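Contents: one structure, followed by commentary.
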Amino acid sequence: MSNAIETRGLEYRLGKSFEIRDLALNVPEGSIYGFLGPNGAGKTTTIQLLLAMRRAKAGSITVLGKPVPQEITAVLARTGYVPERPHVDPGLKIEEATQFHGAFYPSWDAAVADSLLIQFDLDRTRRIKRLSKGETGKFLMVLALAQRPDLLVLDEPTDGLDPVVRRESSHLVHEVERTCDWIGVMDKGRLVAEMTTDSFKSGIKRLRVAGAPATIADPPFVLLSRQPGDGISEGELWVVRGWQAPMRDYFESAGARLTEVMDLDLEDGFVELLRTARSR
Amino acid sequence: MFKVILQSHWSWSKLLLGPGTVAAFALPILAVQEAGSLSDPQLSAWGTAGLLHEMEQWGTWYAALAAALGLAVATGAWGSDHRGGHVYALSLPLERWRYVLLRYGSGVVLLAAPIVFFWLGALLAAAAIELPNGLHAYPTALATRFGLAALVAFSVFFAISAGTARTAGYILVAVGGLLAAKLLLSAAGAAFDPLAFVIDRLTSWPGPLQVFTGRWMLIDV
């Protein structure tokens, strides 16, 4: 499978306090890729580098098989982009902004735009500055989708959604868990992990371990964290990555006893992953 | 593509461009009216010098209007992009230079309206006045000059407005530096005035602002 987005050795510096270092990103074709990370991790900056809104200091970027920034015009013609903050002229009416946007895209589908405006219950005569955050987000999605893009880039897609929709999505990480088949986790300008959502979820577990020695030798999994017990049950709580059921046998050989294996959701796994990355 | 850019530019400029166009049409007529009633049979008896002085005074208003129109249209050219932090323009599948050219072109088209109306106003004013012997009306020459000045003003403000806040900062620093140098040199008793020197370079041939200076005469010898 080839990659829709690929970066190699990407370097970028913003002032003295932030930099992206040696970023190697692989977004497979046909995938829904969730890009996770705390505030200030560099997600938006990376997206802007991919779309040539910023110039990298070093490294290479390929989007839809074309080098960026050299062939950015061809890339943007096939890319729908919804930025973190609304970027369309707020003084325009929905109808005007839709016509304006459509004039620039050869693949623009006015019928799709019409249908989505109806589906999202957006009044064409309203000015964009009069829309709520959620409505603005929906409208930007209409613009991006009516381009019939080969690549859809959404920066903070659930930000500003109205309460009903927000409750449904409840948390960005959960949103990613539900919709994405690949995830990349970024922290402080580095890509901490990149894997399929399934392997991420299935490989991260919380274990309850009794009688474990202070130091353990050569575990077949990655021990992300080790904490004293919660007082409810006997034993320590470990968070491990790369867990598989046959690894239970390891504990007996290490003089410990595994009493419980608990599933972690993506959010817990994400937090543990960041904690581990930062402790390195 | 150009059509939607023009529409967007119009929506940002219309509040200033509308009254500006009316003013462009009215100014030459007002100038002649100020000089005397258009139907005044005594007009031919005016002293030539008085009439020319009156016309020259109105010239300042023509230049000021041309500059104001250029500023208004230039500001409107980038208004929507500034509001969105230029992200929208950067996300369009269009080379940056083409986008700038489209924005510039739409400004030129929008400026055509006040320039044409200025010319019509000048033609009307020239036709309505009875000139003393030896004087002539130059409505087309004046309108050409007005159009050129509006385009120069638009181009200058367009370039400044296209820049970032940092660009504006550089310009302010340059102006501040010139002022500071003028004050320092003046305090030191030096005869050289850097601010006057720069202004002179800009406003005398071949300086880009030369078109704003000199005599803007609807009626001249």
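By order in the structure tokens, chains are A, B, ...; within a chain, residues start at 1; ligands start at 1, following the order shown.
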Restrict the distance test to only C-alpha atoms, flag each residue of chain A within 10 Å of chain B, and return the flagged residues as a ChimeraX atom specification. /A:48,51-54,71-83,85-92,96-97,99-106
Keeping N, CA and C atoms for every residue in the selection just given, could you write it to a file as an mmCIF file, in the first residue's frame?
```cif
data_model
loop_
_atom_site.group_PDB
_atom_site.id
_atom_site.type_symbol
_atom_site.label_atom_id
_atom_site.label_comp_id
_atom_site.auth_asym_id
_atom_site.auth_seq_id
_atom_site.Cartn_x
_atom_site.Cartn_y
_atom_site.Cartn_z
ATOM 1 N N GLN A 48 0.180 22.352 8.377
ATOM 2 C CA GLN A 48 0.513 23.522 7.555
ATOM 3 C C GLN A 48 1.771 23.290 6.722
ATOM 4 N N LEU A 51 0.754 21.248 3.724
ATOM 5 C CA LEU A 51 0.014 22.003 2.708
ATOM 6 C C LEU A 51 0.783 23.250 2.250
ATOM 7 N N ALA A 52 2.058 23.263 2.558
ATOM 8 C CA ALA A 52 2.969 24.335 2.100
ATOM 9 C C ALA A 52 2.574 25.718 2.598
ATOM 10 N N MET A 53 1.894 25.765 3.730
ATOM 11 C CA MET A 53 1.593 27.072 4.304
ATOM 12 C C MET A 53 2.779 27.563 5.132
ATOM 13 N N ARG A 54 3.639 26.635 5.457
ATOM 14 C CA ARG A 54 4.919 26.968 6.096
ATOM 15 C C ARG A 54 6.007 26.231 5.337
ATOM 16 N N GLU A 71 4.956 21.043 -6.035
ATOM 17 C CA GLU A 71 3.722 20.843 -6.809
ATOM 18 C C GLU A 71 2.476 21.037 -5.938
ATOM 19 N N ILE A 72 2.556 22.037 -5.092
ATOM 20 C CA ILE A 72 1.473 22.247 -4.123
ATOM 21 C C ILE A 72 0.144 22.602 -4.799
ATOM 22 N N THR A 73 0.195 23.293 -5.916
ATOM 23 C CA THR A 73 -1.058 23.687 -6.575
ATOM 24 C C THR A 73 -1.850 22.452 -6.988
ATOM 25 N N ALA A 74 -1.159 21.473 -7.557
ATOM 26 C CA ALA A 74 -1.833 20.234 -7.962
ATOM 27 C C ALA A 74 -2.335 19.470 -6.737
ATOM 28 N N VAL A 75 -1.574 19.522 -5.666
ATOM 29 C CA VAL A 75 -1.973 18.827 -4.423
ATOM 30 C C VAL A 75 -3.223 19.481 -3.831
ATOM 31 N N LEU A 76 -3.214 20.808 -3.774
ATOM 32 C CA LEU A 76 -4.350 21.519 -3.168
ATOM 33 C C LEU A 76 -5.629 21.350 -3.993
ATOM 34 N N ALA A 77 -5.478 21.175 -5.292
ATOM 35 C CA ALA A 77 -6.662 20.974 -6.141
ATOM 36 C C ALA A 77 -7.378 19.674 -5.781
ATOM 37 N N ARG A 78 -6.642 18.751 -5.155
ATOM 38 C CA ARG A 78 -7.238 17.453 -4.807
ATOM 39 C C ARG A 78 -7.398 17.286 -3.290
ATOM 40 N N THR A 79 -7.217 18.372 -2.556
ATOM 41 C CA THR A 79 -7.247 18.284 -1.091
ATOM 42 C C THR A 79 -8.333 19.181 -0.503
ATOM 43 N N GLY A 80 -9.169 18.612 0.320
ATOM 44 C CA GLY A 80 -10.141 19.400 1.072
ATOM 45 C C GLY A 80 -9.535 19.700 2.431
ATOM 46 N N TYR A 81 -9.601 20.953 2.838
ATOM 47 C CA TYR A 81 -8.929 21.339 4.077
ATOM 48 C C TYR A 81 -9.879 22.134 4.961
ATOM 49 N N VAL A 82 -10.036 21.665 6.183
ATOM 50 C CA VAL A 82 -10.815 22.412 7.178
ATOM 51 C C VAL A 82 -9.848 22.797 8.285
ATOM 52 N N PRO A 83 -9.522 24.086 8.379
ATOM 53 C CA PRO A 83 -8.517 24.501 9.360
ATOM 54 C C PRO A 83 -9.082 24.578 10.769
ATOM 55 N N ARG A 85 -9.134 27.160 12.719
ATOM 56 C CA ARG A 85 -9.981 28.352 12.864
ATOM 57 C C ARG A 85 -10.586 28.704 11.515
ATOM 58 N N PRO A 86 -11.834 29.194 11.503
ATOM 59 C CA PRO A 86 -12.480 29.510 10.227
ATOM 60 C C PRO A 86 -11.618 30.460 9.398
ATOM 61 N N HIS A 87 -11.505 30.171 8.115
ATOM 62 C CA HIS A 87 -10.602 30.960 7.277
ATOM 63 C C HIS A 87 -11.321 31.663 6.132
ATOM 64 N N VAL A 88 -12.619 31.422 5.973
ATOM 65 C CA VAL A 88 -13.326 32.064 4.862
ATOM 66 C C VAL A 88 -13.763 33.473 5.265
ATOM 67 N N ASP A 89 -14.003 34.286 4.273
ATOM 68 C CA ASP A 89 -14.391 35.677 4.487
ATOM 69 C C ASP A 89 -15.699 35.731 5.284
ATOM 70 N N PRO A 90 -15.666 36.234 6.517
ATOM 71 C CA PRO A 90 -16.876 36.206 7.358
ATOM 72 C C PRO A 90 -17.974 37.136 6.871
ATOM 73 N N GLY A 91 -17.600 38.075 5.997
ATOM 74 C CA GLY A 91 -18.598 39.020 5.500
ATOM 75 C C GLY A 91 -19.471 38.446 4.389
ATOM 76 N N LEU A 92 -19.060 37.299 3.857
ATOM 77 C CA LEU A 92 -19.831 36.709 2.759
ATOM 78 C C LEU A 92 -21.014 35.911 3.293
ATOM 79 N N GLU A 96 -22.652 33.041 -1.281
ATOM 80 C CA GLU A 96 -21.527 33.716 -1.940
ATOM 81 C C GLU A 96 -20.222 32.965 -1.692
ATOM 82 N N ALA A 97 -20.016 32.568 -0.446
ATOM 83 C CA ALA A 97 -18.763 31.867 -0.110
ATOM 84 C C ALA A 97 -18.681 30.525 -0.838
ATOM 85 N N GLN A 99 -20.051 29.830 -3.790
ATOM 86 C CA GLN A 99 -19.721 30.120 -5.196
ATOM 87 C C GLN A 99 -18.255 30.513 -5.349
ATOM 88 N N PHE A 100 -17.787 31.319 -4.410
ATOM 89 C CA PHE A 100 -16.392 31.759 -4.446
ATOM 90 C C PHE A 100 -15.465 30.544 -4.405
ATOM 91 N N HIS A 101 -15.726 29.684 -3.456
ATOM 92 C CA HIS A 101 -14.853 28.513 -3.248
ATOM 93 C C HIS A 101 -14.885 27.600 -4.476
ATOM 94 N N GLY A 102 -16.087 27.356 -4.961
ATOM 95 C CA GLY A 102 -16.243 26.425 -6.082
ATOM 96 C C GLY A 102 -15.518 26.873 -7.344
ATOM 97 N N ALA A 103 -15.348 28.187 -7.488
ATOM 98 C CA ALA A 103 -14.720 28.714 -8.711
ATOM 99 C C ALA A 103 -13.259 28.285 -8.834
ATOM 100 N N PHE A 104 -12.648 27.851 -7.747
ATOM 101 C CA PHE A 104 -11.218 27.535 -7.777
ATOM 102 C C PHE A 104 -10.934 26.040 -7.966
ATOM 103 N N TYR A 105 -11.976 25.218 -7.884
ATOM 104 C CA TYR A 105 -11.723 23.767 -7.900
ATOM 105 C C TYR A 105 -12.327 23.110 -9.135
ATOM 106 N N PRO A 106 -11.479 22.490 -9.953
ATOM 107 C CA PRO A 106 -11.990 21.839 -11.169
ATOM 108 C C PRO A 106 -12.946 20.687 -10.850
#
```
Secondary structure check, strand (DSSP E or B) residues of range 15-207 of chain A, as a PyMOL selection string: chain A and resi 18-23+26-28+33-36+58-63+66-68+79-82+93+127+151-154+182-187+190-196+204-207
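CA of Val222 in chain A is found 15.7 Å from CA of Met262 in chain A.
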Report as a VMD selection string all protein, DNA and RNA residues lying within 10 Å of Glu29 in chain A, evaluated on only C-alpha atoms, omitting residues in the same chain fewer than 6 positions from it. chain A and resid 1 to 5 64 150 to 151
Would you pick out the contacts of Val240 in chain A at 6 Å or less, using only C-alpha atoms, so that residues sharing its chain but fewer than 2 positions from it are not included, and give the list as an mmCIF file with N, CA, C and O atoms, in the first residue's frame?
```
data_model
loop_
_atom_site.group_PDB
_atom_site.id
_atom_site.type_symbol
_atom_site.label_atom_id
_atom_site.label_comp_id
_atom_site.auth_asym_id
_atom_site.auth_seq_id
_atom_site.Cartn_x
_atom_site.Cartn_y
_atom_site.Cartn_z
ATOM 1 N N ILE A 204 -2.135 -2.469 24.305
ATOM 2 C CA ILE A 204 -1.935 -1.745 25.561
ATOM 3 C C ILE A 204 -2.924 -2.248 26.617
ATOM 4 O O ILE A 204 -4.137 -2.241 26.395
ATOM 5 N N LYS A 205 -2.398 -2.701 27.716
ATOM 6 C CA LYS A 205 -3.244 -3.273 28.784
ATOM 7 C C LYS A 205 -2.816 -2.741 30.133
ATOM 8 O O LYS A 205 -1.669 -2.336 30.327
ATOM 9 N N VAL A 222 6.470 -4.173 26.664
ATOM 10 C CA VAL A 222 7.065 -2.891 27.075
ATOM 11 C C VAL A 222 6.313 -2.408 28.311
ATOM 12 O O VAL A 222 5.091 -2.224 28.265
ATOM 13 N N LEU A 223 7.040 -2.243 29.396
ATOM 14 C CA LEU A 223 6.408 -1.764 30.626
ATOM 15 C C LEU A 223 6.361 -0.241 30.583
ATOM 16 O O LEU A 223 7.395 0.429 30.637
ATOM 17 N N LEU A 224 5.160 0.290 30.447
ATOM 18 C CA LEU A 224 5.007 1.746 30.326
ATOM 19 C C LEU A 224 4.975 2.421 31.694
ATOM 20 O O LEU A 224 5.542 3.496 31.870
#
```
Name all residues at most 12 Å from range 186-202 of chain B (count only C-alpha atoms; drop same-chain ones fewer than 2 positions away) and give them as a tab-separated table (two decimals) with N, CA and C atoms, in the first residue's frame.
```tsv
chain	number	residue	atom	x	y	z
B	174	ALA	N	11.07	52.63	9.47
B	174	ALA	CA	11.78	53.45	8.49
B	174	ALA	C	11.36	54.92	8.61
B	175	VAL	N	10.05	55.14	8.73
B	175	VAL	CA	9.55	56.51	8.86
B	175	VAL	C	10.05	57.13	10.17
B	176	GLY	N	9.96	56.34	11.24
B	176	GLY	CA	10.43	56.81	12.55
B	176	GLY	C	11.92	57.13	12.51
B	177	GLY	N	12.68	56.29	11.81
B	177	GLY	CA	14.12	56.50	11.69
B	177	GLY	C	14.43	57.80	10.96
B	178	LEU	N	13.67	58.07	9.91
B	178	LEU	CA	13.88	59.30	9.16
B	178	LEU	C	13.56	60.53	10.02
B	179	LEU	N	12.48	60.41	10.78
B	179	LEU	CA	12.10	61.52	11.68
B	179	LEU	C	13.17	61.76	12.73
B	180	ALA	N	13.65	60.65	13.29
B	180	ALA	CA	14.68	60.76	14.33
B	180	ALA	C	15.95	61.38	13.75
B	181	ALA	N	16.31	60.91	12.52
B	181	ALA	CA	17.52	61.45	11.88
B	181	ALA	C	17.36	62.94	11.61
B	182	LYS	N	16.16	63.32	11.18
B	182	LYS	CA	15.89	64.75	10.91
B	182	LYS	C	16.09	65.58	12.18
B	183	LEU	N	15.52	65.08	13.31
B	183	LEU	CA	15.63	65.81	14.57
B	183	LEU	C	17.07	65.89	15.05
B	184	LEU	N	17.79	64.76	14.93
B	184	LEU	CA	19.18	64.74	15.39
B	184	LEU	C	20.05	65.69	14.56
B	204	SER	N	9.29	63.99	-6.89
B	204	SER	CA	9.76	64.65	-8.11
B	204	SER	C	10.24	63.59	-9.09
B	205	TRP	N	10.14	63.92	-10.36
B	205	TRP	CA	10.46	62.95	-11.41
B	205	TRP	C	11.86	62.37	-11.26
B	206	PRO	N	12.04	61.03	-11.33
B	206	PRO	CA	11.05	60.00	-11.68
B	206	PRO	C	10.43	59.31	-10.46
B	207	GLY	N	10.27	60.00	-9.37
B	207	GLY	CA	9.65	59.41	-8.18
B	207	GLY	C	8.23	58.96	-8.45
B	208	PRO	N	7.81	57.86	-7.80
B	208	PRO	CA	6.49	57.30	-8.09
B	208	PRO	C	5.32	58.20	-7.69
B	209	LEU	N	5.55	59.14	-6.77
B	209	LEU	CA	4.45	59.97	-6.30
B	209	LEU	C	4.42	61.33	-7.00
B	210	GLN	N	5.21	61.47	-8.04
B	210	GLN	CA	5.28	62.75	-8.74
B	210	GLN	C	3.92	63.15	-9.29
B	211	VAL	N	3.13	62.14	-9.65
B	211	VAL	CA	1.82	62.40	-10.26
B	211	VAL	C	0.90	63.20	-9.32
B	212	PHE	N	1.17	63.10	-8.01
B	212	PHE	CA	0.29	63.80	-7.05
B	212	PHE	C	0.65	65.29	-6.91
B	213	THR	N	1.82	65.63	-7.36
B	213	THR	CA	2.26	67.02	-7.16
B	213	THR	C	1.99	67.84	-8.42
```
List every residue of range 99-135 of chain B that DSSP, applied to the backbone, labels as helix (DSSP H, G or I), and write the result as a PDB file with C-alpha atoms, in the first residue's frame.
```
ATOM      1  CA  TYR B  99      -3.870  35.138  -6.751  1.00  0.00           C
ATOM      2  CA  VAL B 100      -2.121  38.472  -6.180  1.00  0.00           C
ATOM      3  CA  LEU B 101      -2.588  39.360  -9.846  1.00  0.00           C
ATOM      4  CA  LEU B 102      -6.306  38.550  -9.650  1.00  0.00           C
ATOM      5  CA  ARG B 103      -6.677  40.695  -6.546  1.00  0.00           C
ATOM      6  CA  TYR B 104      -4.760  43.511  -8.206  1.00  0.00           C
ATOM      7  CA  GLY B 105      -6.768  43.195 -11.405  1.00  0.00           C
ATOM      8  CA  SER B 106     -10.059  43.354  -9.541  1.00  0.00           C
ATOM      9  CA  GLY B 107      -8.872  46.546  -7.836  1.00  0.00           C
ATOM     10  CA  VAL B 108      -8.035  48.112 -11.182  1.00  0.00           C
ATOM     11  CA  VAL B 109     -11.480  47.204 -12.526  1.00  0.00           C
ATOM     12  CA  LEU B 110     -13.181  48.676  -9.453  1.00  0.00           C
ATOM     13  CA  LEU B 111     -11.155  51.870  -9.752  1.00  0.00           C
ATOM     14  CA  ALA B 112     -12.327  52.281 -13.333  1.00  0.00           C
ATOM     15  CA  ALA B 113     -15.767  53.401 -12.128  1.00  0.00           C
ATOM     16  CA  PRO B 114     -14.675  56.517 -10.180  1.00  0.00           C
ATOM     17  CA  ILE B 115     -12.103  57.359 -12.857  1.00  0.00           C
ATOM     18  CA  VAL B 116     -14.736  57.257 -15.612  1.00  0.00           C
ATOM     19  CA  PHE B 117     -17.172  59.235 -13.482  1.00  0.00           C
ATOM     20  CA  PHE B 118     -14.487  61.796 -12.745  1.00  0.00           C
ATOM     21  CA  TRP B 119     -13.923  62.150 -16.473  1.00  0.00           C
ATOM     22  CA  LEU B 120     -17.670  62.534 -17.102  1.00  0.00           C
ATOM     23  CA  GLY B 121     -17.898  65.123 -14.329  1.00  0.00           C
ATOM     24  CA  ALA B 122     -14.940  67.007 -15.786  1.00  0.00           C
ATOM     25  CA  LEU B 123     -16.449  66.920 -19.298  1.00  0.00           C
ATOM     26  CA  LEU B 124     -19.740  68.195 -17.965  1.00  0.00           C
ATOM     27  CA  ALA B 125     -18.072  70.946 -15.949  1.00  0.00           C
ATOM     28  CA  ALA B 126     -15.962  71.991 -18.926  1.00  0.00           C
ATOM     29  CA  ALA B 127     -18.987  72.099 -21.185  1.00  0.00           C
ATOM     30  CA  ALA B 128     -20.973  74.143 -18.704  1.00  0.00           C
TER      31      ALA B 128
END
```
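Using only C-alpha atoms, the protein and nucleic acid residues lying no more than 8 Å from Leu142 in chain B, apart from those fewer than 2 places from it along its own chain, are Trp119, Ala122, Tyr138, Pro139, Thr140, Thr144, Arg145, Phe146, Trp216, Met217 and Leu218 of chain B.
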Write the selection just made, keeping all heavy atoms, as an mmCIF file, in the first residue's frame?
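Listed below is the output, again-v4.cif:
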```cif
data_model
loop_
_atom_site.group_PDB
_atom_site.id
_atom_site.type_symbol
_atom_site.label_atom_id
_atom_site.label_comp_id
_atom_site.auth_asym_id
_atom_site.auth_seq_id
_atom_site.Cartn_x
_atom_site.Cartn_y
_atom_site.Cartn_z
ATOM 1 N N TRP B 119 -14.066 61.632 -15.104
ATOM 2 C CA TRP B 119 -13.923 62.150 -16.473
ATOM 3 C C TRP B 119 -15.246 62.751 -16.955
ATOM 4 O O TRP B 119 -15.267 63.852 -17.523
ATOM 5 C CB TRP B 119 -13.473 60.996 -17.381
ATOM 6 C CG TRP B 119 -13.238 61.367 -18.812
ATOM 7 C CD1 TRP B 119 -12.469 62.390 -19.282
ATOM 8 C CD2 TRP B 119 -13.781 60.713 -19.961
ATOM 9 N NE1 TRP B 119 -12.481 62.416 -20.659
ATOM 10 C CE2 TRP B 119 -13.277 61.391 -21.110
ATOM 11 C CE3 TRP B 119 -14.613 59.608 -20.146
ATOM 12 C CZ2 TRP B 119 -13.611 61.011 -22.399
ATOM 13 C CZ3 TRP B 119 -14.930 59.232 -21.445
ATOM 14 C CH2 TRP B 119 -14.436 59.933 -22.555
ATOM 15 N N ALA B 122 -15.826 65.974 -15.247
ATOM 16 C CA ALA B 122 -14.940 67.007 -15.786
ATOM 17 C C ALA B 122 -15.434 67.482 -17.153
ATOM 18 O O ALA B 122 -15.407 68.689 -17.448
ATOM 19 C CB ALA B 122 -13.516 66.458 -15.884
ATOM 20 N N TYR B 138 -9.301 71.205 -19.820
ATOM 21 C CA TYR B 138 -8.560 69.962 -20.112
ATOM 22 C C TYR B 138 -9.174 68.793 -19.336
ATOM 23 O O TYR B 138 -8.517 68.207 -18.474
ATOM 24 C CB TYR B 138 -7.087 70.124 -19.728
ATOM 25 C CG TYR B 138 -6.393 71.236 -20.480
ATOM 26 C CD1 TYR B 138 -6.243 72.493 -19.906
ATOM 27 C CD2 TYR B 138 -5.894 71.018 -21.760
ATOM 28 C CE1 TYR B 138 -5.615 73.517 -20.585
ATOM 29 C CE2 TYR B 138 -5.253 72.049 -22.453
ATOM 30 C CZ TYR B 138 -5.108 73.294 -21.866
ATOM 31 O OH TYR B 138 -4.490 74.304 -22.552
ATOM 32 N N PRO B 139 -10.424 68.474 -19.594
ATOM 33 C CA PRO B 139 -11.078 67.418 -18.803
ATOM 34 C C PRO B 139 -10.430 66.039 -18.983
ATOM 35 O O PRO B 139 -10.269 65.307 -18.002
ATOM 36 C CB PRO B 139 -12.517 67.419 -19.331
ATOM 37 C CG PRO B 139 -12.453 68.060 -20.673
ATOM 38 C CD PRO B 139 -11.320 69.036 -20.622
ATOM 39 N N THR B 140 -10.052 65.715 -20.208
ATOM 40 C CA THR B 140 -9.488 64.377 -20.444
ATOM 41 C C THR B 140 -8.094 64.262 -19.829
ATOM 42 O O THR B 140 -7.765 63.243 -19.203
ATOM 43 C CB THR B 140 -9.441 64.082 -21.957
ATOM 44 O OG1 THR B 140 -10.778 64.218 -22.467
ATOM 45 C CG2 THR B 140 -8.949 62.685 -22.236
ATOM 46 N N THR B 144 -7.155 61.724 -16.902
ATOM 47 C CA THR B 144 -6.045 60.777 -17.070
ATOM 48 C C THR B 144 -5.110 60.859 -15.870
ATOM 49 O O THR B 144 -4.674 59.844 -15.318
ATOM 50 C CB THR B 144 -5.260 61.094 -18.369
ATOM 51 O OG1 THR B 144 -6.187 61.089 -19.454
ATOM 52 C CG2 THR B 144 -4.158 60.087 -18.615
ATOM 53 N N ARG B 145 -4.832 62.082 -15.477
ATOM 54 C CA ARG B 145 -3.957 62.269 -14.325
ATOM 55 C C ARG B 145 -4.608 61.715 -13.058
ATOM 56 O O ARG B 145 -3.941 61.084 -12.236
ATOM 57 C CB ARG B 145 -3.679 63.764 -14.149
ATOM 58 C CG ARG B 145 -2.686 64.026 -13.069
ATOM 59 C CD ARG B 145 -2.266 65.468 -13.034
ATOM 60 N NE ARG B 145 -1.084 65.592 -12.213
ATOM 61 C CZ ARG B 145 -0.304 66.638 -12.177
ATOM 62 N NH1 ARG B 145 -0.550 67.660 -12.953
ATOM 63 N NH2 ARG B 145 0.733 66.682 -11.382
ATOM 64 N N PHE B 146 -5.886 61.957 -12.921
ATOM 65 C CA PHE B 146 -6.627 61.451 -11.765
ATOM 66 C C PHE B 146 -6.565 59.913 -11.743
ATOM 67 O O PHE B 146 -6.311 59.290 -10.704
ATOM 68 C CB PHE B 146 -8.088 61.912 -11.843
ATOM 69 C CG PHE B 146 -8.952 61.436 -10.722
ATOM 70 C CD1 PHE B 146 -8.955 62.092 -9.491
ATOM 71 C CD2 PHE B 146 -9.771 60.321 -10.863
ATOM 72 C CE1 PHE B 146 -9.749 61.649 -8.447
ATOM 73 C CE2 PHE B 146 -10.575 59.871 -9.820
ATOM 74 C CZ PHE B 146 -10.565 60.541 -8.619
ATOM 75 N N TRP B 216 -3.022 70.490 -10.800
ATOM 76 C CA TRP B 216 -4.148 69.668 -11.292
ATOM 77 C C TRP B 216 -5.194 70.652 -11.809
ATOM 78 O O TRP B 216 -6.072 71.070 -11.070
ATOM 79 C CB TRP B 216 -4.736 68.845 -10.165
ATOM 80 C CG TRP B 216 -3.900 67.710 -9.676
ATOM 81 C CD1 TRP B 216 -2.658 67.764 -9.146
ATOM 82 C CD2 TRP B 216 -4.289 66.335 -9.660
ATOM 83 N NE1 TRP B 216 -2.233 66.517 -8.790
ATOM 84 C CE2 TRP B 216 -3.217 65.607 -9.098
ATOM 85 C CE3 TRP B 216 -5.409 65.636 -10.064
ATOM 86 C CZ2 TRP B 216 -3.252 64.243 -8.937
ATOM 87 C CZ3 TRP B 216 -5.456 64.259 -9.898
ATOM 88 C CH2 TRP B 216 -4.377 63.574 -9.343
ATOM 89 N N MET B 217 -5.113 70.985 -13.056
ATOM 90 C CA MET B 217 -5.956 72.068 -13.561
ATOM 91 C C MET B 217 -6.999 71.570 -14.541
ATOM 92 O O MET B 217 -6.690 70.994 -15.578
ATOM 93 C CB MET B 217 -5.079 73.109 -14.270
ATOM 94 C CG MET B 217 -3.974 73.703 -13.387
ATOM 95 S SD MET B 217 -4.618 74.690 -12.040
ATOM 96 C CE MET B 217 -4.968 76.212 -12.926
ATOM 97 N N LEU B 218 -8.258 71.811 -14.190
ATOM 98 C CA LEU B 218 -9.324 71.544 -15.160
ATOM 99 C C LEU B 218 -9.317 72.636 -16.236
ATOM 100 O O LEU B 218 -9.559 72.379 -17.404
ATOM 101 C CB LEU B 218 -10.676 71.495 -14.445
ATOM 102 C CG LEU B 218 -11.907 71.356 -15.333
ATOM 103 C CD1 LEU B 218 -11.857 70.061 -16.149
ATOM 104 C CD2 LEU B 218 -13.205 71.386 -14.506
#
```
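Proximity to range 47-56 of chain B at 9 Å, evaluated using only C-alpha atoms and with sequence-adjacent residues fewer than 6 positions away removed, yields Ala31, Val32, Glu34, Ala35, Pro132, Asn133, Gly134, Leu135, Arg215, Trp216, Met217, Leu218, Ile219, Asp220 and Val221 of chain B.
Taking CA of Ala74 in chain B as the reference point, CA of Phe154 in chain B is found at 5.4 Å.
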Which residue of B:Ala143, B:Ala137, B:Val22, B:Leu6 approaches Ala63 in chain B most closely, using only C-alpha atoms: B:Ala143
